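Notes follow the structure.
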Amino acid sequence: MTLKLSLKPGEKFVVNGAVLINGDRAASFIVENQVTVLRDRDMLQAGDATTPAKRIYYAILMLYQGNDDAARYYDEFVSEMSAFMRDIHDGETLNLCVAISRDVLVGHTYKALIKCHTLFDSEQPVENAA
């Protein structure tokens with residue numbers, strides 16, 4: 001499966017853990033083998049995981065990147081997702097959480113990351129209600 005990656009000038013991205021920065025012009029790359037690729041906008045530092053949804057996202061991110069401590073991050077994912085789901089009363093958001101959990105369970109962590117971005121928006125009312 002090939003992946004076409006189009007980058008803006010100066011855009012950062014990560015390929016298999018190596019941080020790369022595009023030059024001063026837009027560029028496109030085609031990746032022909034299986035690698036982990038993240039754009040700058042998809043990256044999250046541990047210190048920035050300050051909300052329940054971001055902690056879920058960070059745990060999935062570590063699993064996607066093939067972190068050596070995968071068991072720890074899987075346990076963190078399960079713990080954070082379980083707590084998050086207990087506080088959600090919206091059926092659509094609960095279904096999204098189940099879909100994310102299924103993706104993580106079968107190893108489709110990139111799909112789970114993309115879906116998890118939606119949780120950032122649904123988390124706003126939960127934070128404001130507290």
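Scheme for the structure tokens: letters A, B, ... for chains in order shown; per-chain residue numbers from 1; ligand numbers from 1 in order shown.
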What residues in stretch 4-120 of chain A get the DSSP label helix (DSSP H, G or I)? Please answer as a PDB file with C-alpha atoms, in the first residue's frame.
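Final output, selection.pdb:
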ATOM      1  CA  ASP A  40       3.488  17.883  12.864  1.00  0.00           C
ATOM      2  CA  ARG A  41      -0.225  18.542  13.462  1.00  0.00           C
ATOM      3  CA  ASP A  42      -0.680  14.915  14.602  1.00  0.00           C
ATOM      4  CA  ALA A  46       3.550  14.120  26.955  1.00  0.00           C
ATOM      5  CA  GLY A  47       3.335  17.475  28.718  1.00  0.00           C
ATOM      6  CA  ASP A  48       0.581  18.601  26.360  1.00  0.00           C
ATOM      7  CA  PRO A  52      -8.677  12.989  29.200  1.00  0.00           C
ATOM      8  CA  ALA A  53      -9.041  12.857  25.384  1.00  0.00           C
ATOM      9  CA  LYS A  54      -5.466  14.041  24.892  1.00  0.00           C
ATOM     10  CA  ARG A  55      -4.192  11.410  27.344  1.00  0.00           C
ATOM     11  CA  ILE A  56      -6.072   8.774  25.324  1.00  0.00           C
ATOM     12  CA  TYR A  57      -4.569  10.194  22.128  1.00  0.00           C
ATOM     13  CA  TYR A  58      -1.054  10.234  23.609  1.00  0.00           C
ATOM     14  CA  ALA A  59      -1.282   6.574  24.681  1.00  0.00           C
ATOM     15  CA  ILE A  60      -2.442   5.590  21.174  1.00  0.00           C
ATOM     16  CA  LEU A  61       0.326   7.730  19.668  1.00  0.00           C
ATOM     17  CA  MET A  62       2.955   5.861  21.687  1.00  0.00           C
ATOM     18  CA  LEU A  63       1.480   2.546  20.523  1.00  0.00           C
ATOM     19  CA  TYR A  64       1.462   3.734  16.895  1.00  0.00           C
ATOM     20  CA  ALA A  70       3.834  -0.800  24.617  1.00  0.00           C
ATOM     21  CA  ALA A  71       2.242  -2.743  27.493  1.00  0.00           C
ATOM     22  CA  ARG A  72       2.365   0.340  29.711  1.00  0.00           C
ATOM     23  CA  TYR A  73       0.800   2.554  27.045  1.00  0.00           C
ATOM     24  CA  TYR A  74      -1.874  -0.019  26.276  1.00  0.00           C
ATOM     25  CA  ASP A  75      -2.763  -0.132  29.986  1.00  0.00           C
ATOM     26  CA  GLU A  76      -2.851   3.685  30.066  1.00  0.00           C
ATOM     27  CA  PHE A  77      -5.111   3.689  27.018  1.00  0.00           C
ATOM     28  CA  VAL A  78      -7.530   1.212  28.631  1.00  0.00           C
ATOM     29  CA  SER A  79      -7.574   3.121  31.919  1.00  0.00           C
ATOM     30  CA  GLU A  80      -8.056   6.559  30.326  1.00  0.00           C
ATOM     31  CA  MET A  81     -10.656   5.342  27.822  1.00  0.00           C
ATOM     32  CA  SER A  82     -12.632   3.541  30.539  1.00  0.00           C
ATOM     33  CA  ALA A  83     -12.724   6.657  32.721  1.00  0.00           C
ATOM     34  CA  PHE A  84     -13.632   8.855  29.740  1.00  0.00           C
ATOM     35  CA  MET A  85     -16.484   6.561  28.715  1.00  0.00           C
ATOM     36  CA  ARG A  86     -17.935   6.588  32.247  1.00  0.00           C
ATOM     37  CA  GLY A  91     -24.488   7.781  22.370  1.00  0.00           C
ATOM     38  CA  GLU A  92     -22.573   9.005  19.319  1.00  0.00           C
ATOM     39  CA  THR A  93     -19.471   9.748  21.377  1.00  0.00           C
ATOM     40  CA  LEU A  94     -19.739   6.398  23.153  1.00  0.00           C
ATOM     41  CA  ASN A  95     -19.913   4.652  19.766  1.00  0.00           C
ATOM     42  CA  LEU A  96     -16.817   6.570  18.675  1.00  0.00           C
ATOM     43  CA  CYS A  97     -14.994   5.431  21.827  1.00  0.00           C
ATOM     44  CA  VAL A  98     -15.932   1.822  21.077  1.00  0.00           C
ATOM     45  CA  ALA A  99     -14.677   2.194  17.481  1.00  0.00           C
ATOM     46  CA  ILE A 100     -11.383   3.667  18.716  1.00  0.00           C
ATOM     47  CA  SER A 101     -11.006   0.836  21.229  1.00  0.00           C
ATOM     48  CA  ARG A 102     -11.627  -1.774  18.530  1.00  0.00           C
ATOM     49  CA  ASP A 103      -9.029  -0.169  16.261  1.00  0.00           C
ATOM     50  CA  VAL A 104      -6.458  -0.220  19.064  1.00  0.00           C
ATOM     51  CA  LEU A 105      -7.326  -3.813  19.934  1.00  0.00           C
ATOM     52  CA  THR A 109      -3.561   2.548  15.795  1.00  0.00           C
ATOM     53  CA  TYR A 110      -3.321   5.160  13.015  1.00  0.00           C
ATOM     54  CA  LYS A 111      -7.061   4.830  12.367  1.00  0.00           C
ATOM     55  CA  ALA A 112      -7.617   5.159  16.108  1.00  0.00           C
ATOM     56  CA  LEU A 113      -5.510   8.352  16.203  1.00  0.00           C
ATOM     57  CA  ILE A 114      -7.533   9.956  13.437  1.00  0.00           C
ATOM     58  CA  LYS A 115     -10.819   9.065  15.143  1.00  0.00           C
ATOM     59  CA  CYS A 116      -9.499  10.240  18.499  1.00  0.00           C
ATOM     60  CA  HIS A 117      -9.140  13.819  17.208  1.00  0.00           C
ATOM     61  CA  THR A 118     -12.953  13.968  17.227  1.00  0.00           C
ATOM     62  CA  LEU A 119     -12.928  13.322  20.975  1.00  0.00           C
ATOM     63  CA  PHE A 120     -11.127  16.624  21.516  1.00  0.00           C
TER      64      PHE A 120
END
request  = Could you check how far atom CA of A:Ala18 sits from atom CA of A:Val106, in Å to one decimal?
outcome  = 25.3 Å
ask   = Could you pull out the strand (DSSP E) residues of chain A from DSSP and send them as a PyMOL selection string?
value = chain A and resi 3-7+12-15+18-21+27-31+37-39
Residues within 10 Å of A:Lys4, only C-alpha atoms, excluding chain neighbours under 4 positions, as an mmCIF file with N, CA and C atoms, in the first residue's frame:
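out_26.cif written:
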data_model
loop_
_atom_site.group_PDB
_atom_site.id
_atom_site.type_symbol
_atom_site.label_atom_id
_atom_site.label_comp_id
_atom_site.auth_asym_id
_atom_site.auth_seq_id
_atom_site.Cartn_x
_atom_site.Cartn_y
_atom_site.Cartn_z
ATOM 1 N N SER A 28 6.077 16.683 -2.379
ATOM 2 C CA SER A 28 5.274 15.467 -2.257
ATOM 3 C C SER A 28 6.211 14.272 -2.235
ATOM 4 N N PHE A 29 5.872 13.313 -1.397
ATOM 5 C CA PHE A 29 6.635 12.075 -1.301
ATOM 6 C C PHE A 29 5.677 10.909 -1.443
ATOM 7 N N ILE A 30 6.165 9.836 -1.982
ATOM 8 C CA ILE A 30 5.395 8.604 -2.024
ATOM 9 C C ILE A 30 6.157 7.574 -1.208
ATOM 10 N N VAL A 31 5.479 7.028 -0.210
ATOM 11 C CA VAL A 31 6.063 6.004 0.650
ATOM 12 C C VAL A 31 5.520 4.667 0.169
ATOM 13 N N GLU A 32 6.417 3.776 -0.214
ATOM 14 C CA GLU A 32 5.991 2.518 -0.828
ATOM 15 C C GLU A 32 5.987 1.324 0.114
#
ask   = Can you tell me, as a VMD selection string, what residues are no more than 8 Å from A:Asn22 when counting only C-alpha atoms, ignoring any on the same chain fewer than 4 positions away?
value = chain A and resid 7 to 12 26 to 27
Dump as a CSV table (one decimal), in the first residue's frame, selection limited to N, CA and C atoms:
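The resulting again-v7.csv:
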chain,number,residue,atom,x,y,z
A,7,LEU,N,3.6,18.0,1.5
A,7,LEU,CA,4.0,18.8,2.6
A,7,LEU,C,4.1,20.3,2.3
A,8,LYS,N,3.8,21.1,3.2
A,8,LYS,CA,4.0,22.6,3.0
A,8,LYS,C,5.4,22.9,3.3
A,9,PRO,N,5.9,24.1,2.8
A,9,PRO,CA,7.2,24.5,3.1
A,9,PRO,C,7.5,24.6,4.6
A,10,GLY,N,8.6,24.0,5.1
A,10,GLY,CA,8.9,24.0,6.5
A,10,GLY,C,8.2,23.1,7.4
A,11,GLU,N,7.3,22.3,6.8
A,11,GLU,CA,6.4,21.4,7.6
A,11,GLU,C,7.3,20.2,8.2
A,12,LYS,N,7.1,20.0,9.5
A,12,LYS,CA,7.7,18.9,10.2
A,12,LYS,C,6.9,17.6,10.0
A,26,ALA,N,7.0,23.6,-1.2
A,26,ALA,CA,6.1,22.4,-1.1
A,26,ALA,C,6.7,21.2,-1.7
A,27,ALA,N,6.4,20.1,-1.2
A,27,ALA,CA,7.0,18.8,-1.7
A,27,ALA,C,6.0,17.7,-1.5
task = In Å, rounded to a single decimal, give me how far atom CA of A:Asp69 is from atom CA of A:Arg39.
result =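 Distance between the two atoms: 22.4 Å.
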request  = Please measure the separation of atom CA of A:Leu38 and atom CA of A:Phe13, giving the value in Å to one decimal.
outcome  = 5.5 Å
